[in-house]
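Have a look at my_file_16.pdb below; it lists PDB, C-alpha atoms.
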MODEL        1
ATOM      1  CA  MET A  59     -43.742 -45.712  -3.277
ATOM      2  CA  LYS A  60     -41.254 -46.995  -0.812
ATOM      3  CA  GLN A  61     -43.730 -49.402   0.697
ATOM      4  CA  LYS A  62     -44.530 -50.855  -2.666
ATOM      5  CA  GLU A  63     -40.896 -51.248  -3.440
ATOM      6  CA  ILE A  64     -40.355 -52.994  -0.158
ATOM      7  CA  LYS A  65     -43.178 -55.401  -0.911
ATOM      8  CA  LYS A  66     -41.733 -56.102  -4.266
ATOM      9  CA  LYS A  67     -38.418 -56.878  -2.676
ATOM     10  CA  ILE A  68     -40.013 -59.131  -0.083
ATOM     11  CA  ASN A  69     -42.149 -61.098  -2.521
ATOM     12  CA  PRO A  70     -39.185 -62.704  -4.333
ATOM     13  CA  VAL A  71     -37.808 -63.850  -1.017
ATOM     14  CA  ARG A  72     -41.058 -65.521  -0.063
ATOM     15  CA  SER A  73     -41.317 -67.056  -3.454
ATOM     16  CA  PHE A  74     -37.810 -68.434  -3.126
ATOM     17  CA  LEU A  75     -38.548 -69.815   0.319
ATOM     18  CA  MET A  76     -41.718 -71.429  -0.861
ATOM     19  CA  TRP A  77     -39.929 -72.920  -3.851
ATOM     20  CA  LYS A  78     -37.161 -74.194  -1.607
ATOM     21  CA  ASN A  79     -39.636 -75.793   0.750
ATOM     22  CA  ASN A  80     -41.412 -77.407  -2.158
ATOM     23  CA  MET A  81     -38.097 -78.691  -3.456
ATOM     24  CA  LYS A  82     -37.362 -80.300  -0.098
ATOM     25  CA  ILE A  83     -40.692 -82.019  -0.169
ATOM     26  CA  ILE A  84     -40.054 -83.251  -3.680
ATOM     27  CA  LEU A  85     -36.556 -84.438  -2.784
ATOM     28  CA  LYS A  86     -37.768 -86.198   0.309
ATOM     29  CA  THR A  87     -40.481 -87.886  -1.639
ATOM     30  CA  SER A  88     -38.028 -88.912  -4.360
ATOM     31  CA  ASN A  89     -35.537 -90.304  -1.842
ATOM     32  CA  GLY A  90     -38.262 -92.394  -0.236
ATOM     33  CA  ILE A  91     -39.214 -93.982  -3.562
ATOM     34  CA  ASN A  92     -35.588 -94.972  -4.367
ATOM     35  CA  LYS A  93     -35.127 -96.719  -1.032
ATOM     36  CA  GLN A  94     -38.237 -98.852  -1.521
ATOM     37  CA  SER A  95     -37.133 -99.888  -5.047
ATOM     38  CA  GLY A  96     -33.711-101.041  -3.738
ATOM     39  CA  ALA A  97     -35.319-103.186  -1.039
ATOM     40  CA  ALA A  98     -37.596-104.852  -3.589
ATOM     41  CA  MET A  99     -34.614-105.614  -5.846
ATOM     42  CA  LEU A 100     -32.683-107.157  -2.932
ATOM     43  CA  ILE A 101     -35.623-109.415  -2.068
ATOM     44  CA  SER A 102     -35.862-110.531  -5.722
ATOM     45  CA  VAL A 103     -32.149-111.396  -5.826
ATOM     46  CA  ILE A 104     -32.364-113.408  -2.598
ATOM     47  CA  PHE A 105     -35.473-115.224  -3.843
ATOM     48  CA  PHE A 106     -33.752-116.057  -7.146
ATOM     49  CA  LEU A 107     -30.673-117.261  -5.244
ATOM     50  CA  PHE A 108     -32.723-119.679  -3.145
ATOM     51  CA  ILE A 109     -34.485-121.018  -6.245
ATOM     52  CA  SER A 110     -31.127-121.551  -7.990
ATOM     53  CA  LEU A 111     -29.722-123.369  -4.964
ATOM     54  CA  ALA A 112     -32.795-125.607  -4.844
ATOM     55  CA  ILE A 113     -32.449-126.490  -8.547
ATOM     56  CA  ILE A 114     -28.709-127.172  -8.245
ATOM     57  CA  SER A 115     -29.294-129.310  -5.158
ATOM     58  CA  GLY A 116     -31.951-131.307  -7.011
ATOM     59  CA  LEU A 117     -29.548-131.960  -9.883
ATOM     60  CA  VAL A 118     -26.442-132.748  -7.829
ATOM     61  CA  SER A 119     -27.995-134.921  -5.103
ATOM     62  CA  PRO A 120     -28.910-137.876  -7.407
ATOM     63  CA  SER A 121     -25.418-137.814  -8.923
ATOM     64  CA  ILE A 122     -23.804-137.905  -5.496
ATOM     65  CA  ARG A 123     -26.141-140.719  -4.438
ATOM     66  CA  GLU A 124     -25.369-142.764  -7.578
ATOM     67  CA  PHE A 125     -21.639-142.205  -7.108
ATOM     68  CA  LYS A 126     -21.911-143.447  -3.534
ATOM     69  CA  ASN A 127     -23.901-146.524  -4.610
ATOM     70  CA  ALA A 128     -21.376-147.290  -7.359
ATOM     71  CA  ASN A 129     -18.538-147.067  -4.852
ATOM     72  CA  ILE A 130     -20.370-149.432  -2.489
ATOM     73  CA  ASN A 131     -21.001-151.885  -5.336
ATOM     74  CA  LEU A 132     -17.337-151.758  -6.384
ATOM     75  CA  ASN A 133     -16.091-152.426  -2.855
ATOM     76  CA  SER A 134     -18.583-155.279  -2.512
ATOM     77  CA  LYS A 135     -17.286-156.910  -5.702
ATOM     78  CA  LYS A 136     -13.692-156.423  -4.568
ATOM     79  CA  SER A 137     -14.568-158.118  -1.302
ATOM     80  CA  PHE A 138     -16.190-161.036  -3.150
ATOM     81  CA  PHE A 139     -13.208-161.663  -5.431
ATOM     82  CA  LEU A 140     -10.844-161.279  -2.500
ATOM     83  CA  ALA A 141     -12.768-163.956  -0.594
ATOM     84  CA  GLU A 142     -12.753-166.145  -3.708
ATOM     85  CA  SER A 143      -8.968-165.781  -3.967
ATOM     86  CA  GLY A 144      -8.556-166.910  -0.372
ATOM     87  CA  SER A 145     -10.788-169.975  -0.794
ATOM     88  CA  GLU A 146      -9.109-171.017  -4.062
ATOM     89  CA  ASP A 147      -5.657-170.647  -2.519
ATOM     90  CA  ALA A 148      -6.646-172.911   0.384
ATOM     91  CA  PHE A 149      -8.327-175.365  -2.014
ATOM     92  CA  TYR A 150      -5.178-175.626  -4.149
ATOM     93  CA  ARG A 151      -2.956-176.155  -1.122
ATOM     94  CA  LEU A 152      -5.178-178.919   0.236
ATOM     95  CA  ILE A 153      -5.493-180.947  -2.980
ATOM     96  CA  THR A 154      -1.752-180.659  -3.703
ATOM     97  CA  ASN A 155      -0.754-181.538  -0.110
ATOM     98  CA  LYS A 156       1.024-178.237   0.460
ATOM     99  CA  THR A 157       1.547-176.750   3.902
ATOM    100  CA  ILE A 158      -1.387-174.712   5.215
ATOM    101  CA  GLY A 159      -2.630-173.867   8.695
ATOM    102  CA  THR A 160      -6.145-173.825  10.072
ATOM    103  CA  SER A 161      -6.312-170.067   9.468
ATOM    104  CA  GLU A 162      -4.622-168.032   6.746
ATOM    105  CA  THR A 163      -4.714-164.315   5.922
ATOM    106  CA  ILE A 164      -4.008-162.901   2.459
ATOM    107  CA  THR A 165      -3.488-159.164   1.921
ATOM    108  CA  LEU A 166      -4.093-157.598  -1.491
ATOM    109  CA  ASP A 167      -4.030-153.844  -2.184
ATOM    110  CA  SER A 168      -4.224-152.998   1.546
ATOM    111  CA  ASN A 169      -7.327-155.215   1.874
ATOM    112  CA  PHE A 170      -7.386-158.686   3.371
ATOM    113  CA  THR A 171      -9.208-161.991   3.410
ATOM    114  CA  THR A 172      -9.161-164.498   6.248
ATOM    115  CA  THR A 173      -9.515-168.197   5.406
ATOM    116  CA  THR A 174     -10.472-170.757   8.041
ATOM    117  CA  ILE A 175     -10.149-174.514   7.454
ATOM    118  CA  THR A 176     -12.222-176.879   9.591
ATOM    119  CA  THR A 177     -12.253-180.694   9.614
ATOM    120  CA  LEU A 178     -15.822-181.999   9.844
ATOM    121  CA  GLU A 179     -16.946-185.166  11.637
ATOM    122  CA  ASN A 180     -17.032-187.253   8.440
ATOM    123  CA  GLY A 181     -13.500-186.190   7.528
ATOM    124  CA  ASP A 182     -14.505-183.561   4.977
ATOM    125  CA  LYS A 183     -12.678-180.250   4.873
ATOM    126  CA  GLN A 184     -14.659-177.016   5.058
ATOM    127  CA  ILE A 185     -13.058-173.817   3.773
ATOM    128  CA  MET A 186     -14.591-170.488   4.820
ATOM    129  CA  SER A 187     -13.091-167.307   3.383
ATOM    130  CA  LEU A 188     -14.099-163.803   4.534
ATOM    131  CA  GLY A 189     -13.084-160.851   2.349
ATOM    132  CA  ASP A 190     -13.012-157.323   3.771
ATOM    133  CA  VAL A 191     -12.716-154.143   1.678
ATOM    134  CA  SER A 192     -13.369-150.851   3.511
ATOM    135  CA  THR A 193     -15.636-152.685   6.025
ATOM    136  CA  TYR A 194     -17.677-154.253   3.190
ATOM    137  CA  GLN A 195     -17.487-158.023   3.722
ATOM    138  CA  ARG A 196     -18.325-161.062   1.577
ATOM    139  CA  GLN A 197     -17.974-164.697   2.631
ATOM    140  CA  LEU A 198     -17.543-167.869   0.552
ATOM    141  CA  GLY A 199     -17.478-171.519   1.577
ATOM    142  CA  ILE A 200     -16.164-174.740  -0.001
ATOM    143  CA  THR A 201     -16.548-178.299   1.269
ATOM    144  CA  LEU A 202     -14.028-180.923   0.117
ATOM    145  CA  SER A 203     -14.930-184.602   0.245
ATOM    146  CA  ALA A 204     -12.399-187.406  -0.159
ATOM    147  CA  SER A 205     -13.348-190.091  -2.691
ATOM    148  CA  THR A 206     -11.769-192.682  -4.940
ATOM    149  CA  GLY A 207     -10.856-191.846  -8.516
ATOM    150  CA  VAL A 208      -8.473-189.661 -10.447
ATOM    151  CA  SER A 209      -8.254-185.934 -10.898
ATOM    152  CA  PHE A 210      -9.652-184.679 -14.195
ATOM    153  CA  ASN A 211      -8.763-181.098 -15.027
ATOM    154  CA  TYR A 212      -9.704-181.033 -18.704
ATOM    155  CA  GLY A 213     -12.776-179.393 -20.127
ATOM    156  CA  VAL A 214     -12.665-181.822 -23.075
ATOM    157  CA  GLN A 215     -10.817-185.114 -23.521
ATOM    158  CA  VAL A 216     -11.116-186.921 -26.852
ATOM    159  CA  GLY A 217      -9.701-190.087 -28.353
ATOM    160  CA  GLN A 218      -7.689-190.959 -31.425
ATOM    161  CA  GLY A 219     -10.047-189.186 -33.806
ATOM    162  CA  GLY A 220      -8.863-185.833 -32.473
ATOM    163  CA  LEU A 221     -10.847-182.619 -32.211
ATOM    164  CA  SER A 222     -12.079-180.252 -34.925
ATOM    165  CA  LEU A 223     -13.469-176.780 -34.117
ATOM    166  CA  THR A 224     -15.478-175.008 -36.813
ATOM    167  CA  GLY A 225     -18.017-172.212 -37.151
ATOM    168  CA  GLY A 226     -16.454-170.000 -34.476
ATOM    169  CA  SER A 227     -16.811-172.685 -31.785
ATOM    170  CA  SER A 228     -14.771-172.406 -28.601
ATOM    171  CA  ILE A 229     -13.829-174.396 -25.495
ATOM    172  CA  ASN A 230     -13.498-172.717 -22.109
ATOM    173  CA  GLY A 231     -10.907-174.851 -20.355
ATOM    174  CA  ASN A 232      -8.152-177.342 -21.102
ATOM    175  CA  VAL A 233      -8.236-179.873 -23.947
ATOM    176  CA  TYR A 234      -6.505-183.236 -24.199
ATOM    177  CA  ALA A 235      -6.707-185.236 -27.418
ATOM    178  CA  ASN A 236      -5.108-188.476 -28.569
ATOM    179  CA  GLY A 237      -5.364-187.171 -32.127
ATOM    180  CA  PRO A 238      -4.987-183.892 -34.019
ATOM    181  CA  ILE A 239      -6.640-180.653 -32.857
ATOM    182  CA  THR A 240      -7.782-178.440 -35.729
ATOM    183  CA  GLY A 241      -9.940-175.324 -36.037
ATOM    184  CA  ASP A 242     -10.764-172.345 -38.225
ATOM    185  CA  SER A 243      -9.573-168.771 -37.720
ATOM    186  CA  SER A 244     -12.449-167.818 -35.386
ATOM    187  CA  SER A 245     -12.237-170.879 -33.086
ATOM    188  CA  TYR A 246     -10.264-170.807 -29.847
ATOM    189  CA  ILE A 247      -9.418-172.702 -26.648
ATOM    190  CA  THR A 248      -9.002-170.643 -23.479
ATOM    191  CA  GLY A 249      -6.859-173.200 -21.600
ATOM    192  CA  THR A 250      -4.044-175.524 -22.586
ATOM    193  CA  ALA A 251      -4.382-177.803 -25.609
ATOM    194  CA  ILE A 252      -2.486-181.105 -25.650
ATOM    195  CA  SER A 253      -2.447-183.242 -28.784
ATOM    196  CA  ALA A 254      -0.823-186.554 -27.881
ATOM    197  CA  ASN A 255       0.574-189.037 -30.351
ATOM    198  CA  SER A 256      -1.899-191.822 -30.916
ATOM    199  CA  PRO A 257      -0.714-195.345 -30.096
ATOM    200  CA  ALA A 258       0.400-197.618 -32.876
ATOM    201  CA  LEU A 259      -2.548-198.913 -34.873
ATOM    202  CA  THR A 260      -3.016-202.550 -35.766
ATOM    203  CA  ALA A 261      -4.509-203.483 -39.117
ATOM    204  CA  ASP A 262      -7.585-205.580 -38.446
ATOM    205  CA  GLN A 263      -8.471-206.440 -42.053
ATOM    206  CA  THR A 264      -6.370-206.245 -45.228
ATOM    207  CA  ASN A 265      -6.607-207.599 -48.743
ATOM    208  CA  GLY A 266      -2.879-207.923 -49.266
ATOM    209  CA  ILE A 267       0.311-205.911 -49.307
ATOM    210  CA  GLY A 268       2.462-204.481 -52.038
ATOM    211  CA  ILE A 269       1.275-203.475 -55.491
ATOM    212  CA  PRO A 270      -2.215-204.819 -56.264
ATOM    213  CA  ALA A 271      -2.443-207.438 -58.993
ATOM    214  CA  TYR A 272      -5.031-205.441 -60.927
ATOM    215  CA  ASN A 273      -6.398-201.892 -61.099
ATOM    216  CA  VAL A 274      -9.936-200.653 -60.553
ATOM    217  CA  ALA A 275     -10.737-197.269 -62.096
ATOM    218  CA  PHE A 276     -13.594-195.163 -60.717
ATOM    219  CA  GLY A 277     -14.788-191.587 -60.788
ATOM    220  CA  ASN A 278     -13.885-191.193 -64.457
ATOM    221  CA  THR A 279     -17.377-190.187 -65.660
ATOM    222  CA  ASN A 280     -19.689-187.264 -64.980
ATOM    223  CA  SER A 281     -22.287-189.467 -63.286
ATOM    224  CA  THR A 282     -21.947-190.615 -59.683
ATOM    225  CA  GLN A 283     -19.933-193.807 -59.308
ATOM    226  CA  ASP A 284     -19.415-195.878 -56.172
ATOM    227  CA  ILE A 285     -16.910-198.647 -55.551
ATOM    228  CA  ALA A 286     -17.276-200.871 -52.486
ATOM    229  CA  GLN A 287     -15.176-203.357 -50.534
ATOM    230  CA  GLY A 288     -16.740-205.584 -47.901
ATOM    231  CA  PHE A 289     -14.963-206.444 -44.637
ATOM    232  CA  LYS A 290     -15.678-207.721 -41.146
ATOM    233  CA  VAL A 291     -13.634-206.697 -38.106
ATOM    234  CA  SER A 292     -12.401-209.395 -35.767
ATOM    235  CA  VAL A 293     -12.744-207.493 -32.457
ATOM    236  CA  LEU A 294     -15.148-204.919 -31.046
ATOM    237  CA  SER A 295     -12.883-201.872 -30.835
ATOM    238  CA  PRO A 296     -13.077-198.338 -32.242
ATOM    239  CA  LEU A 297     -12.344-198.048 -35.941
ATOM    240  CA  ASN A 298      -9.821-195.238 -36.338
ATOM    241  CA  LYS A 299      -9.128-195.074 -40.057
ATOM    242  CA  VAL A 300      -8.871-196.963 -43.328
ATOM    243  CA  GLN A 301      -6.099-196.919 -45.914
ATOM    244  CA  PHE A 302      -6.294-197.007 -49.689
ATOM    245  CA  TYR A 303      -3.483-197.947 -52.028
ATOM    246  CA  ILE A 304      -4.401-195.458 -54.707
ATOM    247  CA  LYS A 305      -3.195-193.089 -57.396
ATOM    248  CA  LYS A 306      -4.930-190.459 -59.517
ATOM    249  CA  THR A 307      -5.135-189.583 -63.177
ATOM    250  CA  SER A 308      -5.677-185.988 -64.284
ATOM    251  CA  THR A 309      -7.283-183.701 -61.654
ATOM    252  CA  PRO A 310     -10.172-185.458 -59.895
ATOM    253  CA  SER A 311     -12.185-183.739 -57.163
ATOM    254  CA  ASN A 312     -12.485-184.803 -53.529
ATOM    255  CA  THR A 313     -14.636-187.820 -52.807
ATOM    256  CA  THR A 314     -16.482-189.147 -49.749
ATOM    257  CA  VAL A 315     -15.633-192.481 -48.145
ATOM    258  CA  LYS A 316     -18.417-194.136 -46.149
ATOM    259  CA  ILE A 317     -18.811-197.218 -43.995
ATOM    260  CA  VAL A 318     -22.319-198.603 -44.440
ATOM    261  CA  ASN A 319     -24.167-201.749 -43.474
ATOM    262  CA  ASP A 320     -24.079-204.912 -45.565
ATOM    263  CA  SER A 321     -27.389-205.671 -47.266
ATOM    264  CA  GLY A 322     -27.246-209.153 -48.735
ATOM    265  CA  GLY A 323     -23.706-208.741 -50.013
ATOM    266  CA  LYS A 324     -24.401-205.221 -51.295
ATOM    267  CA  PRO A 325     -23.846-201.783 -49.719
ATOM    268  CA  GLY A 326     -26.801-200.750 -47.554
ATOM    269  CA  THR A 327     -28.155-197.287 -46.806
ATOM    270  CA  THR A 328     -27.218-197.014 -43.104
ATOM    271  CA  VAL A 329     -24.087-194.863 -42.756
ATOM    272  CA  TYR A 330     -21.928-195.693 -39.722
ATOM    273  CA  ALA A 331     -19.082-193.274 -40.450
ATOM    274  CA  SER A 332     -17.806-191.043 -43.224
ATOM    275  CA  GLY A 333     -14.623-189.239 -44.171
ATOM    276  CA  THR A 334     -13.154-187.274 -47.060
ATOM    277  CA  LEU A 335     -10.579-188.501 -49.538
ATOM    278  CA  SER A 336      -8.735-185.317 -50.427
ATOM    279  CA  ALA A 337      -7.538-185.255 -54.031
ATOM    280  CA  SER A 338      -4.531-183.137 -53.033
ATOM    281  CA  THR A 339      -3.116-186.001 -50.926
ATOM    282  CA  VAL A 340      -3.191-188.441 -53.839
ATOM    283  CA  THR A 341      -0.316-188.429 -56.339
ATOM    284  CA  THR A 342       0.047-189.905 -59.806
ATOM    285  CA  SER A 343       1.947-192.856 -58.314
ATOM    286  CA  TYR A 344       0.479-195.559 -56.117
ATOM    287  CA  GLY A 345       0.736-194.946 -52.386
ATOM    288  CA  TRP A 346      -1.096-195.556 -49.125
ATOM    289  CA  ILE A 347      -3.562-192.763 -48.229
ATOM    290  CA  ASP A 348      -5.184-192.527 -44.774
ATOM    291  CA  ILE A 349      -8.877-191.704 -44.440
ATOM    292  CA  THR A 350     -10.016-190.644 -40.962
ATOM    293  CA  PHE A 351     -13.648-190.491 -39.891
ATOM    294  CA  SER A 352     -15.651-187.812 -38.113
ATOM    295  CA  SER A 353     -16.734-190.453 -35.592
ATOM    296  CA  ASN A 354     -15.317-193.817 -34.602
ATOM    297  CA  PRO A 355     -17.910-196.590 -34.945
ATOM    298  CA  LEU A 356     -17.526-199.813 -32.998
TER     299      LEU A 356
ENDMDL
END
Could you spell out this file's structure in structure tokens?
Amino acid sequence: MKQKEIKKKINPVRSFLMWKNNMKIILKTSNGINKQSGAAMLISVIFFLFISLAIISGLVSPSIREFKNANINLNSKKSFFLAESGSEDAFYRLITNKTIGTSETITLDSNFTTTTITTLENGDKQIMSLGDVSTYQRQLGITLSASTGVSFNYGVQVGQGGLSLTGGSSINGNVYANGPITGDSSSYITGTAISANSPALTADQTNGIGIPAYNVAFGNTNSTQDIAQGFKVSVLSPLNKVQFYIKKTSTPSNTTVKIVNDSGGKPGTTVYASGTLSASTVTTSYGWIDITFSSNPL
């Protein structure tokens, strides 16, 4: 009986030891699996990081390259305009007989342009201007030749007929006119506009002065009516305007005044010039009214 009891007491101990050993094996096996999973996760994170860096680099690199190219283009343009400023400054000083040396340096916004003036064998002046902006350089050259004549600094110069701008037309430059300068709301002149007083006009042909001896009525019906007066100028000079001694009755509309050829003592069909007789300039009393033409025939 005692031996059996001893065996029974020993058996639980062996069972416990066996269970403990099995537990160690299970724990060891479990710990080994966890370590391998952590290493795989770390490799995945590193792989994902490299892919992300590659994508970001692919997106950022073109932007950096374009920014660099834009900066180069900007500095190149700055250098060009800086060189242009130097050449124009030297050009102005030469044509206005101002003091200037054979080499001049202009500094703008911490950048500079160097202008060199050389006298050629034929007496011409050569202007070379080198602009430098952050080591980006542009060079311009101008050659000045002396000749006879006068300086003309107007984009447009017109005579006594003046200048009329319509339909949004524009002039880039200066304008000089011996007559009026007119335009609509969308027309413009970028430079100066000078409208000089026209010289005194001399009447070439006239059919008398004072109040006419008789009246001629026209334009008082619904149908088209023309009235003509023949004349012949004595000299070949531009025809600036004509004058009518006229008055109105009621409220007539504007009418067109034309200069046409003479066809056997009658008005022909060839129009040399035309202008508008504005009804608003005519009063109910006789008075002289000027009619100007869009062009000045000889």
* Considering only C-alpha atoms, return as a PyMOL selection string whatever protein or nucleic-acid residues lie within 12 Å of Pro325 in chain A, sequence-local ones (same chain, fewer than 5 positions apart) excluded. => chain A and resi 284-289+316-320+330
* Near range 154-159 of chain A, counting all atoms listed in the file, which residues have an atom at most 10 Å away, once you skip same-chain residues fewer than 3 positions from it, shown as number ranges by chain? -> A: 147-151, 162, 173-175
Explicit residue set for the PyMOL selection byres ((chain A and resi 336) around 9), as a short mmCIF file (atom, residue, chain, number, x, y, z; two decimals) with C-alpha atoms, in the frame of the given file:
data_model
loop_
_atom_site.label_atom_id
_atom_site.label_comp_id
_atom_site.auth_asym_id
_atom_site.auth_seq_id
_atom_site.Cartn_x
_atom_site.Cartn_y
_atom_site.Cartn_z
CA SER A 311 -12.18 -183.74 -57.16
CA ASN A 312 -12.48 -184.80 -53.53
CA THR A 313 -14.64 -187.82 -52.81
CA THR A 314 -16.48 -189.15 -49.75
CA THR A 334 -13.15 -187.27 -47.06
CA LEU A 335 -10.58 -188.50 -49.54
CA ALA A 337 -7.54 -185.26 -54.03
CA SER A 338 -4.53 -183.14 -53.03
CA THR A 339 -3.12 -186.00 -50.93
CA VAL A 340 -3.19 -188.44 -53.84
CA ILE A 349 -8.88 -191.70 -44.44
#
* Asked: Which residue out of A:Ala271, A:Ala331, A:Leu294, A:Ile247 has the minimum interatomic distance to Ser227 in chain A when only C-alpha atoms are used?
  ->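 Under the stated criterion, the closest residue is A:Ile247.
Reported to one decimal place, the separation of CA of Thr327 in chain A from CA of Ser352 in chain A is 17.9 Å.
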Quick one: 6 Å padding each side, axis-aligned, all listed atoms of range 243-258 of chain A - centre and edge lengths in Å to one decimal, as AutoDock Vina command-line options?
--center_x -5.9 --center_y -182.7 --center_z -29.7 --size_x 25.0 --size_y 41.8 --size_z 28.1
Taking a cut-off of 9 Å and counting only C-alpha atoms, can you build a table that, for each residue of range 150-191 of chain A near range 117-138 of chain A, reports the nearest atom pair and how far apart they are in Å (one decimal), sorted by chain then residue number, as a Markdown table?
| residue | atom | partner | partner_atom | distance |
| --- | --- | --- | --- | --- |
| A:Asn169 | CA | A:Ser137 | CA | 8.4 |
| A:Phe170 | CA | A:Ser137 | CA | 8.6 |
| A:Thr171 | CA | A:Ser137 | CA | 8.1 |
| A:Leu188 | CA | A:Ser137 | CA | 8.2 |
| A:Gly189 | CA | A:Ser137 | CA | 4.8 |
| A:Asp190 | CA | A:Ser137 | CA | 5.4 |
| A:Val191 | CA | A:Ser137 | CA | 5.3 |
* Counting only C-alpha atoms, the residue of A:Ser192, A:Pro310, A:Gln301, A:Val329 that sits nearest Trp346 in chain A ->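 The answer is A:Gln301, which sits nearest to Trp346 in chain A.
Among the candidate residues A:Tyr272, A:Tyr234, A:Tyr246, A:Phe139, the one lying nearest to Gln197 in chain A is A:Phe139, with distances computed using only C-alpha atoms.
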* **Nearest-residue call for Thr250 in chain A, choices A:Ile185, A:Leu202, A:Leu221, A:Val214, using all atoms listed in the file** => A:Val214
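For the file at hand, the PyMOL selection byres ((chain A and resi 211) around 12) resolves to Val208, Ser209, Phe210, Tyr212, Gly213, Val214, Gln215, Asn230, Gly231, Asn232, Val233, Tyr234, Gly249, Thr250 and Ala251 of chain A.
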Written file, previous selection with C-alpha atoms, as a short mmCIF file (atom, residue, chain, number, x, y, z; two decimals), keeping the file's coordinate frame:
data_model
loop_
_atom_site.label_atom_id
_atom_site.label_comp_id
_atom_site.auth_asym_id
_atom_site.auth_seq_id
_atom_site.Cartn_x
_atom_site.Cartn_y
_atom_site.Cartn_z
CA VAL A 208 -8.47 -189.66 -10.45
CA SER A 209 -8.25 -185.93 -10.90
CA PHE A 210 -9.65 -184.68 -14.20
CA TYR A 212 -9.70 -181.03 -18.70
CA GLY A 213 -12.78 -179.39 -20.13
CA VAL A 214 -12.66 -181.82 -23.08
CA GLN A 215 -10.82 -185.11 -23.52
CA ASN A 230 -13.50 -172.72 -22.11
CA GLY A 231 -10.91 -174.85 -20.36
CA ASN A 232 -8.15 -177.34 -21.10
CA VAL A 233 -8.24 -179.87 -23.95
CA TYR A 234 -6.50 -183.24 -24.20
CA GLY A 249 -6.86 -173.20 -21.60
CA THR A 250 -4.04 -175.52 -22.59
CA ALA A 251 -4.38 -177.80 -25.61
#
* To do: Go ahead and compute the interatomic distance for CA of Lys290 in chain A and CA of Tyr344 in chain A, in Å to one decimal.
  => 25.2 Å
